[in-house]
Amino acid sequence: MRGNKDTDNIKTLIIIPAYNESENLPKLFEALKKAGGDFDIIVINDCSKDNTEAICRENNIKVVSLPVNLGIGGAVQTGYRYALYHDYDIAIQLDGDGQHDPKFIPYLIKRIKEGNHLCIGSRFIENEGYQSSKIRRIGIRYFSRLIKLLTGTLITDPTSGFRACSREVIKLFANDYPKDYPEPETVVTVLRNKLKVIEMPVIMNAREGGKSSITNLKGIYYMIKVTLAIMIASISEKSVIEED
Amino acid sequence: MDMKMNMSGTLRTTLIIGSILFFVFIINMVRTKKLELKYALIWLLTSLSFIIMSVFPETVFLVARLLEVEVPANALFLCIIFLLLLMVFALTVAVSRHADRIKKLTQELALLKAELEDKNKT
């Protein structure tokens, strides 16, 4: 999938975690082609029951298939491990469900090249596009306040799974990544390791197919668990990432 | 100390037989390698103490007196619940460790498989 290398030789990897996303992937691949820019793509197939793997192969997209279902966290971490082993400079996480528009990828890459370590695509800077349901927005605002309280940094969209990472963060995530509902927690971990986190306005789409991993029933469990995870992350030991 | 008179002969015999059977069962599990020796140790000790308690109920009374618990049965419950809590906690720790290892193994396996496919293609 590698196109012409950039003059500055920066290697970028797009990580797409996918669980039963065969409906959405073809459109996503199409959009990725249109997005332009120099990057490799890897789909992490989290033991899907549909033909996600076959669709990736048809489209000539590299796919890593997990033999057992690990959940979103385990799948994404596999992508970061891949990025670490293959010496990528930038890794961008993009959901397989079509919520994230690949046209923002070049901008995310730019922010990392400018020296930021983690760049989060946020729906709530310009408040454009799909804004999620009201109840979810309340939840997101609550996490945002909690993170501000614990770290002093304002992150408007801590649950966003549309993120770009530098080498340092790739290493951090490859070694340690939460199992489920990982986004808000990892933002805190990155901040705690004194790395630079910024946000960039993006426009997200409503899901086109499939189902969100967070149903209403799980909502309360989700809130409690993530609150706890954020608190623990803010008192956890710092990771050693400067070891090579 | 008269309380031990409450324990009928049949109950006592049943308890003795039960605890011996339990002990034999554990030994057999270890023998057939269905139980790791690490975990077998605690179960062997538990079943041995069951045998001791059913053969010599006096020990339970002694423990109750040492712990200053009025009713011996409560002392027994206290000890067993404490032991169970410890075991469950140890198991939770073991499960967490295993979950982490399985996750790592799964990821590495998937990456290796993808790598191998790539090599075979070219």
# chains A, B, ... in the order shown; residues from 1 in each chain; ligands from 1
call {"tool": "closest_atom_pairs", "arguments": {"of": "segment 157-222 of chain A", "to": "segment 146-150 of chain A", "cutoff": "9 Å", "atoms": "only C-alpha atoms", "output": "Markdown table"}}
result
| residue | atom | partner | partner_atom | distance |
| --- | --- | --- | --- | --- |
| A:Pro158 | CA | A:Ile147 | CA | 8.4 |
| A:Pro184 | CA | A:Ile147 | CA | 8.2 |
| A:Val187 | CA | A:Ile147 | CA | 8.6 |
| A:Val188 | CA | A:Ile147 | CA | 6.9 |
call {"tool": "write_last_selection", "arguments": {"atoms": "N, CA and C atoms", "output": "CSV table (one decimal), in the first residue's frame"}}
result
chain,number,residue,atom,x,y,z
A,158,PRO,N,-12.8,13.8,25.0
A,158,PRO,CA,-11.9,12.7,25.5
A,158,PRO,C,-12.3,11.3,25.0
A,184,PRO,N,-10.7,7.8,27.1
A,184,PRO,CA,-10.5,8.8,28.1
A,184,PRO,C,-9.3,8.5,29.0
A,187,VAL,N,-5.9,9.2,27.5
A,187,VAL,CA,-5.6,10.6,27.4
A,187,VAL,C,-4.9,11.0,28.7
A,188,VAL,N,-5.4,10.6,29.8
A,188,VAL,CA,-4.8,10.9,31.1
A,188,VAL,C,-3.4,10.3,31.2
call {"tool": "interface_residues", "arguments": {"of": "chain A", "to": "chain B", "cutoff": "12 Å", "atoms": "only C-alpha atoms", "output": "ChimeraX atom specification"}}
result
/A:42-47,53,57,61-86,174-179
call {"tool": "residues_around", "arguments": {"residues": "segment 32-45 of chain B", "least_positions_apart": "3", "cutoff": "12 Å", "atoms": "only C-alpha atoms", "output": "compact mmCIF listing (two decimals) with C-alpha atoms, in the first residue's frame"}}
result
# COMPACT_ATOMS: atom_id res chain seq x y z
CA SER B 19 -13.55 -35.07 54.85
CA ILE B 20 -11.53 -38.22 54.13
CA LEU B 21 -13.24 -38.59 50.75
CA PHE B 22 -12.44 -34.95 50.02
CA PHE B 23 -8.79 -35.55 50.91
CA VAL B 24 -8.61 -38.62 48.65
CA PHE B 25 -10.30 -36.65 45.86
CA ILE B 26 -7.71 -33.86 46.10
CA ILE B 27 -4.81 -36.36 46.13
CA ASN B 28 -6.27 -38.01 43.04
CA MET B 29 -6.62 -34.66 41.28
CA LEU B 48 -6.49 -32.09 56.29
CA SER B 49 -7.87 -29.52 58.69
CA PHE B 50 -11.40 -30.78 57.90
CA ILE B 51 -10.29 -34.27 58.91
CA ILE B 52 -8.71 -32.98 62.12
CA LEU B 83 -9.77 -18.48 54.19
CA LEU B 84 -12.28 -18.28 51.34
CA LEU B 86 -8.03 -15.07 50.70
CA MET B 87 -8.48 -17.81 48.10
CA ALA B 90 -5.61 -14.93 45.05
CA LEU B 91 -7.70 -16.32 42.19
CA ALA B 94 -4.24 -15.02 38.97
call {"tool": "select_by_dssp", "arguments": {"residues": "chain B", "states": "alpha helix (DSSP H)", "output": "MDAnalysis selection string"}}
result
chainID B and resid 9:31 37:55 58:67 72:121
call {"tool": "residues_around", "arguments": {"residues": "segment 115-131 of chain A", "least_positions_apart": "5", "cutoff": "8 Å", "atoms": "only C-alpha atoms", "output": "list in words"}}
result
Leu108, Arg137, Thr156, Asp157, Pro158, Ser160, Gly161, Phe162, Arg163, Ala164, Cys165, Ser166, Arg167, Glu168, Val169, Val190, Leu195, Lys196, Val197, Ile198, Glu199, Met200, Pro201, Val202, Ile203, Met204, Asn205 and Ala206 of chain A
call {"tool": "select_by_dssp", "arguments": {"residues": "segment 58-243 of chain A", "states": "strand (DSSP E or B)", "output": "PyMOL selection string"}}
result
chain A and resi 62-65+90-93+100+118-122+129+163-165+197-201+204
call {"tool": "atom_distance", "arguments": {"atom1": "atom CA of Tyr142 of chain A", "atom2": "atom CA of Ala233 of chain A"}}
result
16.5 Å
call {"tool": "atom_distance", "arguments": {"atom1": "atom CA of Thr159 of chain A", "atom2": "atom CA of Glu183 of chain A"}}
result
5.3 Å
call {"tool": "atom_distance", "arguments": {"atom1": "atom CA of Thr52 of chain A", "atom2": "atom CA of Leu25 of chain A"}}
result
7.8 Å
call {"tool": "closest_atom_pairs", "arguments": {"of": "segment 64-122 of chain A", "to": "segment 32-40 of chain A", "cutoff": "8 Å", "atoms": "only C-alpha atoms", "output": "tab-separated table"}}
result
residue	atom	partner	partner_atom	distance
A:Pro102	CA	A:Leu32	CA	5.5
A:Lys103	CA	A:Ala35	CA	4.7
A:Phe104	CA	A:Ala35	CA	7.7
A:Ile105	CA	A:Ala35	CA	7.3
A:Pro106	CA	A:Gly37	CA	6.1
